[in-house]
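Engineer: Next comes the structure file upload_31.pdb, holding PDB, C-alpha atoms.
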ATOM      1  CA  MET U 334     101.664 -56.127-176.675  1.00  0.00           C
ATOM      2  CA  ASN U 335     103.916 -56.917-179.617  1.00  0.00           C
ATOM      3  CA  ASN U 336     107.147 -57.149-177.623  1.00  0.00           C
ATOM      4  CA  THR U 337     106.136 -59.796-175.061  1.00  0.00           C
ATOM      5  CA  LEU U 338     105.492 -63.533-175.057  1.00  0.00           C
ATOM      6  CA  PHE U 339     102.437 -63.515-172.811  1.00  0.00           C
ATOM      7  CA  VAL U 340     102.207 -60.499-170.469  1.00  0.00           C
ATOM      8  CA  GLY U 341      99.684 -58.105-171.950  1.00  0.00           C
ATOM      9  CA  LYS U 342      98.717 -60.304-174.896  1.00  0.00           C
ATOM     10  CA  VAL U 343      95.229 -60.126-173.402  1.00  0.00           C
ATOM     11  CA  PHE U 344      94.743 -56.462-172.511  1.00  0.00           C
ATOM     12  CA  LEU U 345      91.468 -55.344-170.955  1.00  0.00           C
ATOM     13  CA  ASN U 346      91.273 -51.557-170.823  1.00  0.00           C
ATOM     14  CA  PHE U 347      88.522 -49.668-169.005  1.00  0.00           C
ATOM     15  CA  ASP U 348      87.666 -46.024-168.645  1.00  0.00           C
ATOM     16  CA  THR U 349      86.682 -46.464-164.972  1.00  0.00           C
ATOM     17  CA  LEU U 350      86.992 -49.335-162.519  1.00  0.00           C
ATOM     18  CA  PHE U 351      86.447 -49.602-158.788  1.00  0.00           C
ATOM     19  CA  SER U 352      89.753 -51.496-158.522  1.00  0.00           C
ATOM     20  CA  THR U 353      91.757 -53.351-161.155  1.00  0.00           C
ATOM     21  CA  ASN U 354      92.809 -55.913-158.546  1.00  0.00           C
ATOM     22  CA  GLU U 355      89.215 -56.562-157.510  1.00  0.00           C
ATOM     23  CA  TYR U 356      88.190 -56.913-161.148  1.00  0.00           C
ATOM     24  CA  ALA U 357      91.011 -59.413-161.738  1.00  0.00           C
ATOM     25  CA  ILE U 358      90.081 -61.433-158.647  1.00  0.00           C
ATOM     26  CA  ASP U 359      86.433 -61.520-159.778  1.00  0.00           C
ATOM     27  CA  LEU U 360      87.526 -62.587-163.269  1.00  0.00           C
ATOM     28  CA  LEU U 361      89.539 -65.468-161.783  1.00  0.00           C
ATOM     29  CA  SER U 362      86.539 -66.605-159.738  1.00  0.00           C
ATOM     30  CA  LYS U 363      84.291 -66.787-162.802  1.00  0.00           C
ATOM     31  CA  SER U 364      86.607 -67.916-165.610  1.00  0.00           C
ATOM     32  CA  LYS U 365      90.114 -69.054-166.515  1.00  0.00           C
ATOM     33  CA  PRO U 366      91.908 -66.005-167.884  1.00  0.00           C
ATOM     34  CA  SER U 367      95.232 -66.690-169.529  1.00  0.00           C
ATOM     35  CA  GLU U 368      98.448 -65.979-167.669  1.00  0.00           C
ATOM     36  CA  GLY U 369      99.650 -62.476-168.382  1.00  0.00           C
ATOM     37  CA  THR U 370      96.174 -60.982-168.752  1.00  0.00           C
ATOM     38  CA  VAL U 371      96.343 -57.251-167.968  1.00  0.00           C
ATOM     39  CA  ILE U 372      93.443 -55.207-166.598  1.00  0.00           C
ATOM     40  CA  SER U 373      94.034 -51.471-166.912  1.00  0.00           C
ATOM     41  CA  ALA U 374      91.882 -48.500-165.923  1.00  0.00           C
ATOM     42  CA  HIS U 375      91.993 -44.920-167.083  1.00  0.00           C
ATOM     43  CA  HIS U 376      90.543 -43.997-163.690  1.00  0.00           C
ATOM     44  CA  GLN U 377      90.400 -46.173-160.559  1.00  0.00           C
ATOM     45  CA  THR U 378      87.822 -45.020-158.027  1.00  0.00           C
ATOM     46  CA  ALA U 379      88.914 -47.144-155.060  1.00  0.00           C
ATOM     47  CA  GLY U 380      92.421 -48.408-155.642  1.00  0.00           C
ATOM     48  CA  ARG U 381      94.064 -50.268-152.796  1.00  0.00           C
ATOM     49  CA  GLY U 382      97.519 -50.340-151.281  1.00  0.00           C
ATOM     50  CA  GLN U 383      99.081 -52.675-148.759  1.00  0.00           C
ATOM     51  CA  TYR U 384      96.856 -53.865-145.893  1.00  0.00           C
ATOM     52  CA  GLY U 385      93.758 -51.967-146.969  1.00  0.00           C
ATOM     53  CA  SER U 386      95.360 -48.545-147.404  1.00  0.00           C
ATOM     54  CA  ARG U 387      93.948 -46.389-150.199  1.00  0.00           C
ATOM     55  CA  TRP U 388      95.741 -45.725-153.476  1.00  0.00           C
ATOM     56  CA  TYR U 389      94.873 -42.327-154.957  1.00  0.00           C
ATOM     57  CA  SER U 390      95.450 -41.489-158.608  1.00  0.00           C
ATOM     58  CA  GLU U 391      94.353 -38.745-160.975  1.00  0.00           C
ATOM     59  CA  GLY U 392      92.338 -40.099-163.875  1.00  0.00           C
ATOM     60  CA  GLY U 393      94.305 -40.557-167.081  1.00  0.00           C
ATOM     61  CA  LYS U 394      97.592 -39.443-165.560  1.00  0.00           C
ATOM     62  CA  ALA U 395      98.790 -42.623-163.853  1.00  0.00           C
ATOM     63  CA  ILE U 396      99.448 -46.270-164.551  1.00  0.00           C
ATOM     64  CA  THR U 397      96.789 -48.274-162.711  1.00  0.00           C
ATOM     65  CA  LEU U 398      96.749 -51.907-163.755  1.00  0.00           C
ATOM     66  CA  SER U 399      96.717 -55.497-162.568  1.00  0.00           C
ATOM     67  CA  VAL U 400      98.371 -58.542-164.115  1.00  0.00           C
ATOM     68  CA  ILE U 401      97.169 -62.110-163.639  1.00  0.00           C
ATOM     69  CA  LEU U 402      99.992 -64.607-163.125  1.00  0.00           C
ATOM     70  CA  ARG U 403     100.038 -68.330-162.323  1.00  0.00           C
ATOM     71  CA  PRO U 404     103.265 -68.962-160.362  1.00  0.00           C
ATOM     72  CA  ILE U 405     102.366 -72.545-159.483  1.00  0.00           C
ATOM     73  CA  PHE U 406     106.116 -73.243-159.351  1.00  0.00           C
ATOM     74  CA  LEU U 407     106.315 -71.291-156.068  1.00  0.00           C
ATOM     75  CA  ASN U 408     105.534 -72.693-152.625  1.00  0.00           C
ATOM     76  CA  ILE U 409     103.606 -70.481-150.212  1.00  0.00           C
ATOM     77  CA  SER U 410     106.852 -69.931-148.297  1.00  0.00           C
ATOM     78  CA  GLN U 411     108.238 -68.251-151.445  1.00  0.00           C
ATOM     79  CA  GLN U 412     105.539 -65.613-151.794  1.00  0.00           C
ATOM     80  CA  PHE U 413     107.930 -62.749-151.176  1.00  0.00           C
ATOM     81  CA  ASP U 414     110.175 -63.923-154.003  1.00  0.00           C
ATOM     82  CA  LEU U 415     107.353 -62.959-156.359  1.00  0.00           C
ATOM     83  CA  ASN U 416     107.213 -59.542-154.681  1.00  0.00           C
ATOM     84  CA  ILE U 417     110.937 -59.147-155.266  1.00  0.00           C
ATOM     85  CA  ALA U 418     110.642 -60.030-158.960  1.00  0.00           C
ATOM     86  CA  VAL U 419     107.767 -57.592-159.486  1.00  0.00           C
ATOM     87  CA  ALA U 420     109.481 -54.780-157.579  1.00  0.00           C
ATOM     88  CA  LEU U 421     112.617 -55.268-159.669  1.00  0.00           C
ATOM     89  CA  ALA U 422     110.538 -55.224-162.852  1.00  0.00           C
ATOM     90  CA  VAL U 423     108.984 -51.894-161.921  1.00  0.00           C
ATOM     91  CA  PHE U 424     112.404 -50.543-160.972  1.00  0.00           C
ATOM     92  CA  ASP U 425     113.856 -51.684-164.319  1.00  0.00           C
ATOM     93  CA  PHE U 426     110.984 -50.089-166.195  1.00  0.00           C
ATOM     94  CA  VAL U 427     111.297 -46.739-164.420  1.00  0.00           C
ATOM     95  CA  CYS U 428     115.059 -46.701-164.995  1.00  0.00           C
ATOM     96  CA  ILE U 429     114.495 -47.077-168.731  1.00  0.00           C
ATOM     97  CA  ASN U 430     112.114 -44.135-168.849  1.00  0.00           C
ATOM     98  CA  ALA U 431     113.584 -41.829-166.208  1.00  0.00           C
ATOM     99  CA  THR U 432     117.364 -41.762-166.177  1.00  0.00           C
ATOM    100  CA  ASP U 433     119.427 -39.925-163.578  1.00  0.00           C
ATOM    101  CA  VAL U 434     116.856 -40.177-160.775  1.00  0.00           C
ATOM    102  CA  ASP U 435     117.608 -41.482-157.272  1.00  0.00           C
ATOM    103  CA  LEU U 436     115.402 -44.550-157.590  1.00  0.00           C
ATOM    104  CA  HIS U 437     114.871 -47.203-154.905  1.00  0.00           C
ATOM    105  CA  VAL U 438     112.435 -49.858-153.745  1.00  0.00           C
ATOM    106  CA  LYS U 439     111.245 -49.180-150.205  1.00  0.00           C
ATOM    107  CA  TRP U 440     110.434 -52.409-148.403  1.00  0.00           C
ATOM    108  CA  PRO U 441     108.300 -54.177-149.178  1.00  0.00           C
ATOM    109  CA  ASN U 442     106.937 -52.776-152.444  1.00  0.00           C
ATOM    110  CA  ASP U 443     106.966 -48.986-152.692  1.00  0.00           C
ATOM    111  CA  ILE U 444     108.849 -47.240-155.478  1.00  0.00           C
ATOM    112  CA  TYR U 445     110.730 -44.174-154.274  1.00  0.00           C
ATOM    113  CA  ILE U 446     112.591 -41.357-155.990  1.00  0.00           C
ATOM    114  CA  GLY U 447     114.703 -39.751-153.300  1.00  0.00           C
ATOM    115  CA  ASN U 448     112.424 -39.616-150.256  1.00  0.00           C
ATOM    116  CA  LYS U 449     109.211 -39.372-152.283  1.00  0.00           C
ATOM    117  CA  LYS U 450     106.814 -42.123-153.311  1.00  0.00           C
ATOM    118  CA  LEU U 451     106.370 -42.668-157.029  1.00  0.00           C
ATOM    119  CA  GLY U 452     104.147 -45.722-156.790  1.00  0.00           C
ATOM    120  CA  GLY U 453     103.408 -49.019-155.174  1.00  0.00           C
ATOM    121  CA  ILE U 454     102.608 -52.673-155.705  1.00  0.00           C
ATOM    122  CA  LEU U 455      99.904 -54.879-154.212  1.00  0.00           C
ATOM    123  CA  ILE U 456     100.073 -58.640-154.826  1.00  0.00           C
ATOM    124  CA  GLN U 457      97.150 -60.867-153.837  1.00  0.00           C
ATOM    125  CA  ASN U 458      97.758 -64.620-154.033  1.00  0.00           C
ATOM    126  CA  SER U 459      95.429 -67.590-154.184  1.00  0.00           C
ATOM    127  CA  ILE U 460      96.841 -70.725-152.545  1.00  0.00           C
ATOM    128  CA  SER U 461      96.155 -74.349-153.485  1.00  0.00           C
ATOM    129  CA  ASN U 462      97.980 -77.421-152.114  1.00  0.00           C
ATOM    130  CA  ARG U 463     100.636 -75.187-150.568  1.00  0.00           C
ATOM    131  CA  LYS U 464     101.399 -73.691-153.972  1.00  0.00           C
ATOM    132  CA  ILE U 465     100.534 -70.262-155.382  1.00  0.00           C
ATOM    133  CA  ALA U 466      97.756 -71.119-157.817  1.00  0.00           C
ATOM    134  CA  SER U 467      97.296 -67.568-159.077  1.00  0.00           C
ATOM    135  CA  SER U 468      98.477 -64.050-158.332  1.00  0.00           C
ATOM    136  CA  VAL U 469      96.960 -60.692-159.046  1.00  0.00           C
ATOM    137  CA  VAL U 470      99.762 -58.147-159.324  1.00  0.00           C
ATOM    138  CA  GLY U 471      98.473 -54.607-158.904  1.00  0.00           C
ATOM    139  CA  ILE U 472     100.773 -51.755-159.921  1.00  0.00           C
ATOM    140  CA  GLY U 473     100.107 -48.060-159.462  1.00  0.00           C
ATOM    141  CA  LEU U 474     102.574 -45.429-160.652  1.00  0.00           C
ATOM    142  CA  ASN U 475     102.248 -41.656-160.762  1.00  0.00           C
ATOM    143  CA  VAL U 476     103.120 -40.525-164.262  1.00  0.00           C
ATOM    144  CA  ASN U 477     101.790 -37.157-165.447  1.00  0.00           C
ATOM    145  CA  GLN U 478     100.368 -35.803-162.181  1.00  0.00           C
ATOM    146  CA  LEU U 479     101.226 -32.357-160.910  1.00  0.00           C
ATOM    147  CA  HIS U 480      98.715 -32.272-158.045  1.00  0.00           C
ATOM    148  CA  PHE U 481      98.029 -34.826-155.311  1.00  0.00           C
ATOM    149  CA  SER U 482      95.585 -35.485-152.499  1.00  0.00           C
ATOM    150  CA  PRO U 483      96.631 -33.759-149.251  1.00  0.00           C
ATOM    151  CA  GLU U 484      96.261 -37.172-147.588  1.00  0.00           C
ATOM    152  CA  LEU U 485      99.439 -38.316-149.320  1.00  0.00           C
ATOM    153  CA  PRO U 486     102.501 -37.378-147.241  1.00  0.00           C
ATOM    154  CA  ASN U 487     105.289 -37.554-149.827  1.00  0.00           C
ATOM    155  CA  PRO U 488     104.108 -38.182-153.409  1.00  0.00           C
ATOM    156  CA  THR U 489     105.886 -37.496-156.657  1.00  0.00           C
ATOM    157  CA  SER U 490     105.438 -38.346-160.335  1.00  0.00           C
ATOM    158  CA  LEU U 491     107.589 -39.022-163.371  1.00  0.00           C
ATOM    159  CA  LEU U 492     106.541 -35.647-164.773  1.00  0.00           C
ATOM    160  CA  LEU U 493     107.620 -33.823-161.623  1.00  0.00           C
ATOM    161  CA  GLU U 494     110.951 -35.635-161.508  1.00  0.00           C
ATOM    162  CA  THR U 495     111.887 -35.493-165.183  1.00  0.00           C
ATOM    163  CA  LYS U 496     109.970 -32.392-166.407  1.00  0.00           C
ATOM    164  CA  HIS U 497     108.792 -34.610-169.248  1.00  0.00           C
ATOM    165  CA  GLU U 498     105.259 -35.767-170.080  1.00  0.00           C
ATOM    166  CA  PHE U 499     104.807 -39.433-170.964  1.00  0.00           C
ATOM    167  CA  ASP U 500     102.629 -41.556-173.245  1.00  0.00           C
ATOM    168  CA  ILE U 501     100.996 -43.874-170.728  1.00  0.00           C
ATOM    169  CA  ARG U 502     100.092 -46.578-173.252  1.00  0.00           C
ATOM    170  CA  LYS U 503     103.729 -46.766-174.363  1.00  0.00           C
ATOM    171  CA  LEU U 504     104.816 -46.945-170.714  1.00  0.00           C
ATOM    172  CA  ILE U 505     102.448 -49.845-170.103  1.00  0.00           C
ATOM    173  CA  GLU U 506     104.046 -51.760-172.978  1.00  0.00           C
ATOM    174  CA  ASP U 507     107.486 -51.192-171.468  1.00  0.00           C
ATOM    175  CA  LEU U 508     106.235 -52.248-168.033  1.00  0.00           C
ATOM    176  CA  CYS U 509     104.745 -55.486-169.376  1.00  0.00           C
ATOM    177  CA  LEU U 510     108.056 -56.405-170.975  1.00  0.00           C
ATOM    178  CA  SER U 511     110.047 -55.659-167.812  1.00  0.00           C
ATOM    179  CA  LEU U 512     107.592 -57.697-165.763  1.00  0.00           C
ATOM    180  CA  GLU U 513     107.822 -60.657-168.121  1.00  0.00           C
ATOM    181  CA  VAL U 514     111.644 -60.630-168.040  1.00  0.00           C
ATOM    182  CA  ARG U 515     111.838 -60.666-164.234  1.00  0.00           C
ATOM    183  CA  TYR U 516     108.997 -63.206-163.912  1.00  0.00           C
ATOM    184  CA  LEU U 517     110.745 -65.619-166.268  1.00  0.00           C
ATOM    185  CA  GLN U 518     113.934 -65.138-164.252  1.00  0.00           C
ATOM    186  CA  LEU U 519     111.962 -66.137-161.148  1.00  0.00           C
ATOM    187  CA  LYS U 520     110.434 -69.109-162.957  1.00  0.00           C
ATOM    188  CA  ALA U 521     113.939 -70.247-163.959  1.00  0.00           C
ATOM    189  CA  GLY U 522     114.857 -70.451-160.261  1.00  0.00           C
ATOM    190  CA  LYS U 523     117.226 -67.467-160.200  1.00  0.00           C
ATOM    191  CA  ILE U 524     116.132 -66.581-156.662  1.00  0.00           C
ATOM    192  CA  GLU U 525     119.572 -65.683-155.335  1.00  0.00           C
ATOM    193  CA  ALA U 526     120.284 -63.358-158.268  1.00  0.00           C
ATOM    194  CA  LEU U 527     116.918 -61.656-157.804  1.00  0.00           C
ATOM    195  CA  ARG U 528     117.514 -61.145-154.079  1.00  0.00           C
ATOM    196  CA  ASN U 529     120.975 -59.734-154.722  1.00  0.00           C
ATOM    197  CA  ASP U 530     119.517 -57.289-157.238  1.00  0.00           C
ATOM    198  CA  TYR U 531     116.790 -56.333-154.745  1.00  0.00           C
ATOM    199  CA  TYR U 532     119.345 -55.516-152.056  1.00  0.00           C
ATOM    200  CA  GLN U 533     121.214 -53.279-154.496  1.00  0.00           C
ATOM    201  CA  ILE U 534     118.155 -51.050-154.873  1.00  0.00           C
ATOM    202  CA  LEU U 535     116.614 -51.407-151.392  1.00  0.00           C
ATOM    203  CA  TYR U 536     115.879 -48.038-149.779  1.00  0.00           C
ATOM    204  CA  LYS U 537     118.173 -47.327-146.782  1.00  0.00           C
ATOM    205  CA  PHE U 538     119.856 -50.736-147.054  1.00  0.00           C
ATOM    206  CA  GLN U 539     122.887 -50.831-144.713  1.00  0.00           C
ATOM    207  CA  ILE U 540     122.482 -47.110-143.950  1.00  0.00           C
ATOM    208  CA  PRO U 541     121.979 -46.046-140.293  1.00  0.00           C
ATOM    209  CA  THR U 542     118.415 -44.740-140.182  1.00  0.00           C
ATOM    210  CA  LYS U 543     115.902 -43.720-137.525  1.00  0.00           C
ATOM    211  CA  TYR U 544     112.947 -46.093-137.137  1.00  0.00           C
ATOM    212  CA  GLU U 545     109.824 -46.298-135.013  1.00  0.00           C
ATOM    213  CA  ARG U 546     108.351 -49.542-133.720  1.00  0.00           C
ATOM    214  CA  ALA U 547     104.588 -50.071-133.742  1.00  0.00           C
ATOM    215  CA  GLY U 548     104.461 -49.183-130.035  1.00  0.00           C
ATOM    216  CA  GLY U 549     106.067 -45.789-130.662  1.00  0.00           C
ATOM    217  CA  ASN U 550     109.591 -46.616-129.496  1.00  0.00           C
ATOM    218  CA  GLN U 551     112.230 -45.014-131.723  1.00  0.00           C
ATOM    219  CA  PHE U 552     115.709 -46.297-132.470  1.00  0.00           C
ATOM    220  CA  VAL U 553     118.527 -46.042-134.992  1.00  0.00           C
ATOM    221  CA  GLY U 554     119.004 -49.218-136.951  1.00  0.00           C
ATOM    222  CA  ILE U 555     120.540 -50.674-140.084  1.00  0.00           C
ATOM    223  CA  ILE U 556     118.658 -52.857-142.572  1.00  0.00           C
ATOM    224  CA  THR U 557     120.674 -56.060-142.953  1.00  0.00           C
ATOM    225  CA  GLY U 558     118.364 -57.990-145.253  1.00  0.00           C
ATOM    226  CA  ILE U 559     114.995 -59.623-145.796  1.00  0.00           C
ATOM    227  CA  SER U 560     113.948 -62.889-144.151  1.00  0.00           C
ATOM    228  CA  PRO U 561     112.808 -65.795-146.368  1.00  0.00           C
ATOM    229  CA  GLU U 562     109.213 -64.906-145.445  1.00  0.00           C
ATOM    230  CA  GLY U 563     109.722 -61.307-146.535  1.00  0.00           C
ATOM    231  CA  ARG U 564     110.132 -59.663-143.132  1.00  0.00           C
ATOM    232  CA  LEU U 565     112.530 -56.750-142.671  1.00  0.00           C
ATOM    233  CA  CYS U 566     115.722 -57.510-140.712  1.00  0.00           C
ATOM    234  CA  VAL U 567     117.077 -54.482-138.840  1.00  0.00           C
ATOM    235  CA  GLN U 568     120.108 -54.396-136.556  1.00  0.00           C
ATOM    236  CA  ASN U 569     119.485 -52.156-133.545  1.00  0.00           C
ATOM    237  CA  GLU U 570     121.964 -50.067-131.527  1.00  0.00           C
ATOM    238  CA  ARG U 571     122.857 -53.084-129.375  1.00  0.00           C
ATOM    239  CA  GLY U 572     123.876 -55.083-132.426  1.00  0.00           C
ATOM    240  CA  VAL U 573     120.806 -57.326-132.175  1.00  0.00           C
ATOM    241  CA  ILE U 574     118.947 -58.090-135.413  1.00  0.00           C
ATOM    242  CA  GLU U 575     115.198 -57.644-135.040  1.00  0.00           C
ATOM    243  CA  VAL U 576     112.688 -58.938-137.590  1.00  0.00           C
ATOM    244  CA  PHE U 577     109.626 -56.864-138.486  1.00  0.00           C
ATOM    245  CA  GLY U 578     106.470 -57.445-140.475  1.00  0.00           C
ATOM    246  CA  LEU U 579     104.548 -54.762-142.328  1.00  0.00           C
ATOM    247  CA  LYS U 580     103.029 -52.120-140.021  1.00  0.00           C
ATOM    248  CA  GLU U 581     105.420 -53.178-137.232  1.00  0.00           C
ATOM    249  CA  ILE U 582     108.058 -50.593-138.141  1.00  0.00           C
ATOM    250  CA  LYS U 583     108.298 -47.349-140.070  1.00  0.00           C
ATOM    251  CA  ILE U 584     111.144 -45.176-141.277  1.00  0.00           C
ATOM    252  CA  LEU U 585     111.301 -41.684-139.801  1.00  0.00           C
ATOM    253  CA  LEU U 586     112.409 -39.319-142.554  1.00  0.00           C
TER     254      LEU U 586
END
How does the structure come out when it is put into structure tokens?
Structural biologist:
Amino acid sequence: MNNTLFVGKVFLNFDTLFSTNEYAIDLLSKSKPSEGTVISAHHQTAGRGQYGSRWYSEGGKAITLSVILRPIFLNISQQFDLNIAVALAVFDFVCINATDVDLHVKWPNDIYIGNKKLGGILIQNSISNRKIASSVVGIGLNVNQLHFSPELPNPTSLLLETKHEFDIRKLIEDLCLSLEVRYLQLKAGKIEALRNDYYQILYKFQIPTKYERAGGNQFVGIITGISPEGRLCVQNERGVIEVFGLKEIKILL
């Protein structure tokens, strides 16, 4: 990548991989790849989403990559701040390439256009001495797809939303630059600014919305923020703020 300082300077591109995240984790276990190393796959046969969910993509028509970072400056209690920086980077990148779309980040790390999912992020951290020794940042984005697996409830792609086909290699260069900018902002300690930016683009933030708890109970609530640990804070009908982890709450569209 000619337009970055370190993200994508080492770029490992494969025709097919089981999972770019798994490849990156294996690479870290066997060697010392430089920070910013990117592993990209034309086709990913077993991509992963949050908490073991599958990530489906059509070969050659999506961005499926992982970036190796070394955010040793972050304590383990700050793990979600890295998520925020990465989500903002993906948001920035999409905004550059797809103007006039209703773009949001759905907590914690899904990228939405309107009520449809454009892509997602999976970050896997390695901890040492209560610091984040390394992070594998997996990013999957639907780009030129027109058809999706019936298992996906609400997918979309940049092509569907913009009616424009994209050069995926050029998009990857743009994504690497956006990621580097937000990561350096995080490294500079601009946590409050990053969180404020995240709230500006957070899906359903401060909008009364119907939710369902893990036990099946439904209620109307309002997202008030994100806890320091990255949990979703939702004010219920009684005015009480409840805090939820992933898989403990879902939005009913």
Engineer: Using all atoms listed in the file, what table do you get, as a tab-separated table, when you list each residue of range 386-471 of chain U with an atom no more than 10 Å from range 336-352 of chain U, its nearest pair of atoms, and their distance in Å rounded to one decimal, rows by chain then rising number?
Structural biologist:
residue	atom	partner	partner_atom	distance
U:Trp388	CA	U:Ser352	CA	9.7
U:Gly392	CA	U:Thr349	CA	8.6
U:Gly393	CA	U:Asp348	CA	8.7
U:Thr397	CA	U:Ser352	CA	8.8
U:Leu398	CA	U:Ser352	CA	8.7
U:Ser399	CA	U:Ser352	CA	9.0
U:Val400	CA	U:Val340	CA	7.7
U:Ile401	CA	U:Val340	CA	8.6
U:Leu402	CA	U:Val340	CA	8.7
U:Gly471	CA	U:Ser352	CA	9.3
Engineer: State, in Å with one decimal place, the distance from CA of Val514 in chain U to CA of Gly452 in chain U.
Structural biologist: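 CA of Gly452 in chain U lies at a distance of 20.1 Å from CA of Val514 in chain U.
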Engineer: Pick from U:Leu517, U:Leu585, U:Ser560, U:Asn462: nearest to Pro541 in chain U, with all atoms listed in the file counted?
Structural biologist: U:Leu585
Engineer: Could you tell me which residues the PyMOL selection byres ((chain U and resi 543) around 6) returns for this structure, as a short mmCIF file (atom, residue, chain, number, x, y, z; two decimals) with C-alpha atoms, keeping the file's coordinate frame?
Structural biologist:
data_model
loop_
_atom_site.label_atom_id
_atom_site.label_comp_id
_atom_site.auth_asym_id
_atom_site.auth_seq_id
_atom_site.Cartn_x
_atom_site.Cartn_y
_atom_site.Cartn_z
CA THR U 542 118.42 -44.74 -140.18
CA TYR U 544 112.95 -46.09 -137.14
CA PHE U 552 115.71 -46.30 -132.47
CA VAL U 553 118.53 -46.04 -134.99
CA LEU U 585 111.30 -41.68 -139.80
#
Engineer: Quick one: pull the distance between CA of Asp425 in chain U and CA of Ile444 in chain U, Å, one decimal.
Structural biologist: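 Separation between CA of Asp425 in chain U and CA of Ile444 in chain U: 11.1 Å.
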Engineer: Select, from U:Arg528, U:Lys503, U:Lys450, U:Lys580, the residue with the minimum atom-to-atom distance to Asn335 in chain U, counting only C-alpha atoms.
Structural biologist: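 Smallest separation from Asn335 in chain U among the options: U:Lys503.
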Engineer: Nearest to Ser490 in chain U among U:Ile446, U:Arg564, U:Val469, U:Gly548, with distances taken over only C-alpha atoms: which residue is it?
Structural biologist: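 That would be U:Ile446, the residue with the smallest distance to Ser490 in chain U.
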Engineer: Here's the selection I'm unsure about, the PyMOL selection byres ((chain U and resi 466) around 10); applied to the file above, which residues does it give, as a ChimeraX atom specification?
Structural biologist: /U:402-409,458-465,467-468
Engineer: Hey, what comes out of the PyMOL selection byres ((chain U and resi 488) around 6) on this file? Could you write it as a ChimeraX atom specification?
Structural biologist: /U:449-450,487,489
Engineer: Quick one, how far is CA of Ala418 in chain U from CA of Arg515 in chain U?
Structural biologist: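 CA of Arg515 in chain U lies at a distance of 5.4 Å from CA of Ala418 in chain U.
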Engineer: So that I can check the surroundings of Ile540 in chain U, please list as a PyMOL selection string every protein, DNA and RNA residue that reaches within 10 Å of it, counting only C-alpha atoms and ignoring chain neighbours fewer than 5 positions away.
Structural biologist: chain U and resi 553-557
Engineer: Have a look at U:Glu525, U:Gly558, U:Asn442, U:Cys509 and name the one nearest to Leu579 in chain U; count only C-alpha atoms.
Structural biologist: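 Checking each candidate against Leu579 in chain U, we get U:Asn442 as the closest.
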Engineer: Could you name the residues that touch Leu474 in chain U at 6 Å or less, counting all atoms listed in the file, but leaving out those on the same chain fewer than 4 positions away, as a PyMOL selection string?
Structural biologist: chain U and resi 395-396+451-452
Engineer: Could you write out the selected residues, including C-alpha atoms, as a compact mmCIF listing (two decimals), in the frame of the given file?
Structural biologist:
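Produced file again.txt, reproduced below:
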# COMPACT_ATOMS: atom_id res chain seq x y z
CA ALA U 395 98.79 -42.62 -163.85
CA ILE U 396 99.45 -46.27 -164.55
CA LEU U 451 106.37 -42.67 -157.03
CA GLY U 452 104.15 -45.72 -156.79
Engineer: With all atoms listed in the file as the basis for distance, which of U:Glu513, U:Ala526, U:Thr432, U:Val476 is at the shortest distance from Thr370 in chain U?
Structural biologist: U:Glu513
Engineer: Out of U:Leu527, U:Ala357, U:Ile534, U:Met334, which residue has the shortest atom-to-atom distance to Val438 in chain U when counting all atoms listed in the file?
Structural biologist: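 The shortest atom-to-atom distance to Val438 in chain U comes from U:Ile534.
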Engineer: Write out as a PyMOL selection string each polymer residue whose atoms come within 8 Å of Leu508 in chain U, counting all atoms listed in the file; drop sequence neighbours fewer than 5 positions from it.
Structural biologist: chain U and resi 422-423+426
Engineer: Take the residues from that selection and put them in a file with C-alpha atoms, as a PDB file, keeping the file's coordinate frame.
Structural biologist:
ATOM      1  CA  ALA U 422     110.538 -55.224-162.852  1.00  0.00           C
ATOM      2  CA  VAL U 423     108.984 -51.894-161.921  1.00  0.00           C
ATOM      3  CA  PHE U 426     110.984 -50.089-166.195  1.00  0.00           C
TER       4      PHE U 426
END
Engineer: His497 in chain U: which residues within 12 Å, counting only C-alpha atoms, same-chain residues fewer than 3 positions away excluded, as a PyMOL selection string?
Structural biologist: chain U and resi 430-432+476-479+490-494+500
